[in-house]
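Chemist: Pasting a structure here, questions to come.
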Amino acid sequence: MSRIGKKPVTIPKGVSVALSDHTVSVKGPKGELVRRLHPEMAVAVSGDQVTVARPSEQNRHKALHGLTRTLVQNMVDGVSKGYLKTLEIQGVGYKAETKPYGVNLIVGLSHQVKYEAPKGIKISVENNTVVKIEGPDKELVGQVAAELRQVRPPEPYKGKGIRYQGEQVRRKAGKTGAK
């Protein structure tokens, strides 16, 4: 049996979970999330817990069991606590500015990169070099962080670019001077 899938998801106070035809909707203080789950998985809400059951012992059902439980857990955590990803911008003259539509990146290109934040995502900038992405949907927060990092990924010679906070960039030596 899936060790992750058999654990029930505890619903904290202030969060409500509703099921209808393989669609789970979770409401909480940070927002509302709706997701359609795989039709073969049996999801049940009883009191302050959500349980997921699988129909058989097939490998595909075992994988879906853990996945479905984790998706529900991420939804509950997102609407109660929220998710945060932090990016760092390194490089001379590289900076970010918060705008009403999202964020404006100045990262050594011939133009400024305007990034429009999707609905439900809040982007804030500290010290012009630290970008914080917040929201209730874990998948969407990670996707926005990946798209911003892709504008200028860290390069291995000088380390300039946009990186996740705490990310270690492997540096290369570069060319040695000819005599």
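Please note that chains go A, B, ... in the order of the structure tokens, that every chain numbers its residues from 1, and that ligands are numbered from 1 in the order shown.
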Would you give me, as an NGL selection string, the residues in region 59-143 of chain A that DSSP reads as strand (DSSP E)?

Modeler: :A and (83-90 or 95-99 or 102-106 or 113-116 or 122-126 or 130-135)

Chemist: Can you pull out the residues contacting region 135-152 of chain A? Cut-off 9 Å, using only C-alpha atoms, and skip same-chain residues under 4 positions away; I want them as a PyMOL selection string.

Modeler: chain A and resi 30-33+74-87+105+107-109+113+115+117-118+120-123+160-164

Chemist: The selected residues should be written to file as an mmCIF file, in the first residue's frame (atoms: N, CA and C atoms).

Modeler:
```cif
data_model
loop_
_atom_site.group_PDB
_atom_site.id
_atom_site.type_symbol
_atom_site.label_atom_id
_atom_site.label_comp_id
_atom_site.auth_asym_id
_atom_site.auth_seq_id
_atom_site.Cartn_x
_atom_site.Cartn_y
_atom_site.Cartn_z
ATOM 1 N N LYS A 30 -6.718 32.059 2.388
ATOM 2 C CA LYS A 30 -5.829 32.543 1.323
ATOM 3 C C LYS A 30 -6.452 32.456 -0.068
ATOM 4 N N GLY A 31 -7.645 31.872 -0.192
ATOM 5 C CA GLY A 31 -8.277 31.796 -1.503
ATOM 6 C C GLY A 31 -9.045 30.506 -1.692
ATOM 7 N N GLU A 32 -9.373 30.224 -2.954
ATOM 8 C CA GLU A 32 -10.125 29.022 -3.293
ATOM 9 C C GLU A 32 -9.436 28.316 -4.452
ATOM 10 N N LEU A 33 -9.321 26.984 -4.348
ATOM 11 C CA LEU A 33 -8.713 26.169 -5.395
ATOM 12 C C LEU A 33 -9.681 25.073 -5.807
ATOM 13 N N ASN A 74 -1.700 19.522 -0.900
ATOM 14 C CA ASN A 74 -1.146 20.789 -1.374
ATOM 15 C C ASN A 74 -2.233 21.859 -1.483
ATOM 16 N N MET A 75 -3.437 21.457 -1.899
ATOM 17 C CA MET A 75 -4.543 22.409 -1.989
ATOM 18 C C MET A 75 -4.926 22.914 -0.602
ATOM 19 N N VAL A 76 -5.024 22.007 0.369
ATOM 20 C CA VAL A 76 -5.396 22.391 1.740
ATOM 21 C C VAL A 76 -4.326 23.292 2.347
ATOM 22 N N ASP A 77 -3.038 22.932 2.164
ATOM 23 C CA ASP A 77 -1.951 23.769 2.686
ATOM 24 C C ASP A 77 -1.924 25.134 2.007
ATOM 25 N N GLY A 78 -2.205 25.168 0.716
ATOM 26 C CA GLY A 78 -2.165 26.424 -0.035
ATOM 27 C C GLY A 78 -3.204 27.421 0.416
ATOM 28 N N VAL A 79 -4.445 26.963 0.648
ATOM 29 C CA VAL A 79 -5.491 27.903 1.049
ATOM 30 C C VAL A 79 -5.394 28.261 2.524
ATOM 31 N N SER A 80 -4.658 27.472 3.323
ATOM 32 C CA SER A 80 -4.513 27.820 4.734
ATOM 33 C C SER A 80 -3.235 28.621 5.002
ATOM 34 N N LYS A 81 -2.083 28.187 4.457
ATOM 35 C CA LYS A 81 -0.804 28.864 4.705
ATOM 36 C C LYS A 81 -0.283 29.621 3.494
ATOM 37 N N GLY A 82 -0.472 29.064 2.311
ATOM 38 C CA GLY A 82 0.061 29.671 1.094
ATOM 39 C C GLY A 82 1.465 29.166 0.804
ATOM 40 N N TYR A 83 1.955 29.445 -0.397
ATOM 41 C CA TYR A 83 3.290 29.024 -0.815
ATOM 42 C C TYR A 83 4.112 30.236 -1.218
ATOM 43 N N LEU A 84 5.429 30.120 -1.054
ATOM 44 C CA LEU A 84 6.349 31.221 -1.339
ATOM 45 C C LEU A 84 7.587 30.670 -2.031
ATOM 46 N N LYS A 85 7.983 31.304 -3.115
ATOM 47 C CA LYS A 85 9.263 31.024 -3.775
ATOM 48 C C LYS A 85 10.011 32.340 -3.849
ATOM 49 N N THR A 86 11.320 32.293 -3.594
ATOM 50 C CA THR A 86 12.138 33.495 -3.609
ATOM 51 C C THR A 86 13.233 33.347 -4.657
ATOM 52 N N LEU A 87 13.384 34.382 -5.480
ATOM 53 C CA LEU A 87 14.424 34.421 -6.507
ATOM 54 C C LEU A 87 15.409 35.543 -6.175
ATOM 55 N N LEU A 105 11.638 43.278 -15.357
ATOM 56 C CA LEU A 105 13.004 42.811 -15.135
ATOM 57 C C LEU A 105 13.980 43.543 -16.042
ATOM 58 N N VAL A 107 17.689 42.883 -16.918
ATOM 59 C CA VAL A 107 18.717 41.864 -16.696
ATOM 60 C C VAL A 107 19.728 41.801 -17.842
ATOM 61 N N GLY A 108 20.186 42.953 -18.305
ATOM 62 C CA GLY A 108 21.251 42.989 -19.304
ATOM 63 C C GLY A 108 20.825 42.700 -20.722
ATOM 64 N N LEU A 109 19.544 42.670 -20.996
ATOM 65 C CA LEU A 109 19.073 42.495 -22.362
ATOM 66 C C LEU A 109 18.884 43.868 -22.992
ATOM 67 N N VAL A 113 12.126 43.327 -19.595
ATOM 68 C CA VAL A 113 11.208 42.198 -19.719
ATOM 69 C C VAL A 113 10.026 42.445 -18.793
ATOM 70 N N TYR A 115 6.785 40.989 -17.118
ATOM 71 C CA TYR A 115 6.154 39.706 -16.806
ATOM 72 C C TYR A 115 4.820 39.970 -16.121
ATOM 73 N N ALA A 117 1.805 38.744 -14.006
ATOM 74 C CA ALA A 117 1.512 37.681 -13.050
ATOM 75 C C ALA A 117 0.131 37.096 -13.312
ATOM 76 N N PRO A 118 -0.009 35.766 -13.262
ATOM 77 C CA PRO A 118 -1.333 35.168 -13.414
ATOM 78 C C PRO A 118 -2.234 35.511 -12.234
ATOM 79 N N GLY A 120 -4.204 35.382 -8.976
ATOM 80 C CA GLY A 120 -3.977 34.664 -7.729
ATOM 81 C C GLY A 120 -2.530 34.662 -7.276
ATOM 82 N N ILE A 121 -1.614 35.186 -8.088
ATOM 83 C CA ILE A 121 -0.199 35.215 -7.739
ATOM 84 C C ILE A 121 0.209 36.643 -7.417
ATOM 85 N N LYS A 122 0.909 36.813 -6.285
ATOM 86 C CA LYS A 122 1.389 38.136 -5.868
ATOM 87 C C LYS A 122 2.913 38.136 -5.966
ATOM 88 N N ILE A 123 3.452 39.096 -6.720
ATOM 89 C CA ILE A 123 4.896 39.220 -6.877
ATOM 90 C C ILE A 123 5.342 40.508 -6.195
ATOM 91 N N LYS A 160 26.201 35.526 -13.099
ATOM 92 C CA LYS A 160 25.151 36.525 -13.291
ATOM 93 C C LYS A 160 23.862 35.852 -13.731
ATOM 94 N N GLY A 161 22.733 36.425 -13.308
ATOM 95 C CA GLY A 161 21.445 35.909 -13.744
ATOM 96 C C GLY A 161 20.453 35.820 -12.600
ATOM 97 N N ILE A 162 19.340 35.144 -12.855
ATOM 98 C CA ILE A 162 18.276 34.982 -11.863
ATOM 99 C C ILE A 162 18.342 33.547 -11.359
ATOM 100 N N ARG A 163 18.395 33.394 -10.034
ATOM 101 C CA ARG A 163 18.477 32.064 -9.434
ATOM 102 C C ARG A 163 17.523 31.959 -8.255
ATOM 103 N N TYR A 164 17.200 30.720 -7.889
ATOM 104 C CA TYR A 164 16.399 30.492 -6.696
ATOM 105 C C TYR A 164 17.238 30.841 -5.476
#
```

Chemist: Identify, on the basis of only C-alpha atoms, every residue whose closest approach to Val50 (chain A) does not exceed 9 Å; exclude the query and any residue fewer than 4 positions from it along the same chain; express the result as a list of chain:residue names.

Modeler: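 In the requested form, the answer reads A:Pro8, A:Val9, A:Thr10, A:Ile11, A:Val17, A:Val43, A:Ala44, A:Val45, A:Ser46, A:Arg69, A:Val72, A:Gln73.
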
Chemist: Write the residues you've just listed into a file as a compact mmCIF listing (two decimals), in the first residue's frame, and include C-alpha atoms for each of them.

Modeler:
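To be explicit, this is the file written out as part06.txt:
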```
# COMPACT_ATOMS: atom_id res chain seq x y z
CA PRO A 8 -5.55 11.02 5.72
CA VAL A 9 -5.34 14.75 4.94
CA THR A 10 -6.29 16.79 8.01
CA ILE A 11 -8.47 19.82 7.31
CA VAL A 17 -13.46 20.93 1.35
CA VAL A 43 -11.92 10.54 -2.44
CA ALA A 44 -14.06 10.91 0.69
CA VAL A 45 -14.51 13.71 3.23
CA SER A 46 -15.42 12.65 6.77
CA ARG A 69 -3.49 12.45 -1.80
CA VAL A 72 -5.35 17.37 -2.06
CA GLN A 73 -2.80 18.04 0.71
```

Chemist: Using only C-alpha atoms, can you tell me which of A:Lys132, A:Arg170, A:His65, A:Lys6 comes closest to Thr98 (chain A)?

Modeler: A:Lys132

Chemist: So how many Å separate CA of Val169 (chain A) and CA of His111 (chain A), to one decimal?

Modeler: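 So the two atoms, CA of Val169 (chain A) and CA of His111 (chain A), lie 25.3 Å apart.
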
Chemist: Counting only C-alpha atoms, which residue out of A:Gln49, A:Thr176, A:Asn128, A:Ser16 sits closest to Val92 (chain A)?

Modeler: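 Checking each of A:Gln49, A:Thr176, A:Asn128, A:Ser16 against Val92 (chain A), counting only C-alpha atoms, the winner is A:Asn128.
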
Chemist: What is the CA of Lys7 (chain A) to CA of Thr70 (chain A) distance in Å?

Modeler: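 Rounded to one decimal, the two atoms are 9.8 Å apart.
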
Chemist: Would you mind writing down, as a PyMOL selection string, each residue of region 5-179 of chain A that DSSP on the backbone assigns to helix (DSSP H, G or I)?

Modeler: chain A and resi 59-80+138-151

Chemist: List every residue of region 33-114 of chain A that has an atom at most 6 Å from any atom of region 20-24 of chain A, and for each one report the closest atom pair and its distance in Å to one decimal, counting only C-alpha atoms, with rows sorted by chain and then by increasing residue number, as a tab-separated table.

Modeler:
```
residue	atom	partner	partner_atom	distance
A:Val34	CA	A:Val24	CA	5.7
A:Arg35	CA	A:Val24	CA	5.5
A:Arg36	CA	A:Thr23	CA	4.3
A:Leu37	CA	A:His22	CA	5.4
A:Pro39	CA	A:His22	CA	5.9
```

Chemist: Of the candidates A:Arg3, A:Gly66, A:Glu116, A:Val131, which shows the shortest atom-to-atom distance to Glu97 (chain A), using only C-alpha atoms?

Modeler: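 Of all the options, A:Val131 lies closest to Glu97 (chain A).
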
Chemist: Using only C-alpha atoms, determine which residues lie at most 9 Å from Gly14 (chain A), disregarding the query and same-chain residues fewer than 6 positions distant; provide the list as a short mmCIF file (atom, residue, chain, number, x, y, z; two decimals) with C-alpha atoms, in the first residue's frame.

Modeler:
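around11.cif, freshly written:
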```cif
data_model
loop_
_atom_site.label_atom_id
_atom_site.label_comp_id
_atom_site.auth_asym_id
_atom_site.auth_seq_id
_atom_site.Cartn_x
_atom_site.Cartn_y
_atom_site.Cartn_z
CA LYS A 27 -11.82 27.24 0.35
CA GLY A 28 -9.73 28.96 2.98
CA PRO A 29 -8.41 32.32 4.16
CA SER A 80 -4.51 27.82 4.73
#
```

Chemist: Please provide the set of residues having any atom within 10 Å of Gly174 (chain A), restricted to only C-alpha atoms, with same-chain residues fewer than 5 positions apart removed, written as a short mmCIF file (atom, residue, chain, number, x, y, z; two decimals) with N, CA, C and O atoms, in the first residue's frame.

Modeler:
```cif
data_model
loop_
_atom_site.label_atom_id
_atom_site.label_comp_id
_atom_site.auth_asym_id
_atom_site.auth_seq_id
_atom_site.Cartn_x
_atom_site.Cartn_y
_atom_site.Cartn_z
N PRO A 156 27.55 30.12 -15.88
CA PRO A 156 28.57 29.48 -15.04
C PRO A 156 29.88 30.24 -14.88
O PRO A 156 30.68 29.88 -14.04
N TYR A 157 30.14 31.29 -15.67
CA TYR A 157 31.43 31.96 -15.61
C TYR A 157 31.48 33.08 -14.58
O TYR A 157 32.40 33.18 -13.80
N LYS A 158 30.50 33.96 -14.59
CA LYS A 158 30.47 35.05 -13.61
C LYS A 158 29.35 34.86 -12.59
O LYS A 158 29.31 35.58 -11.60
#
```
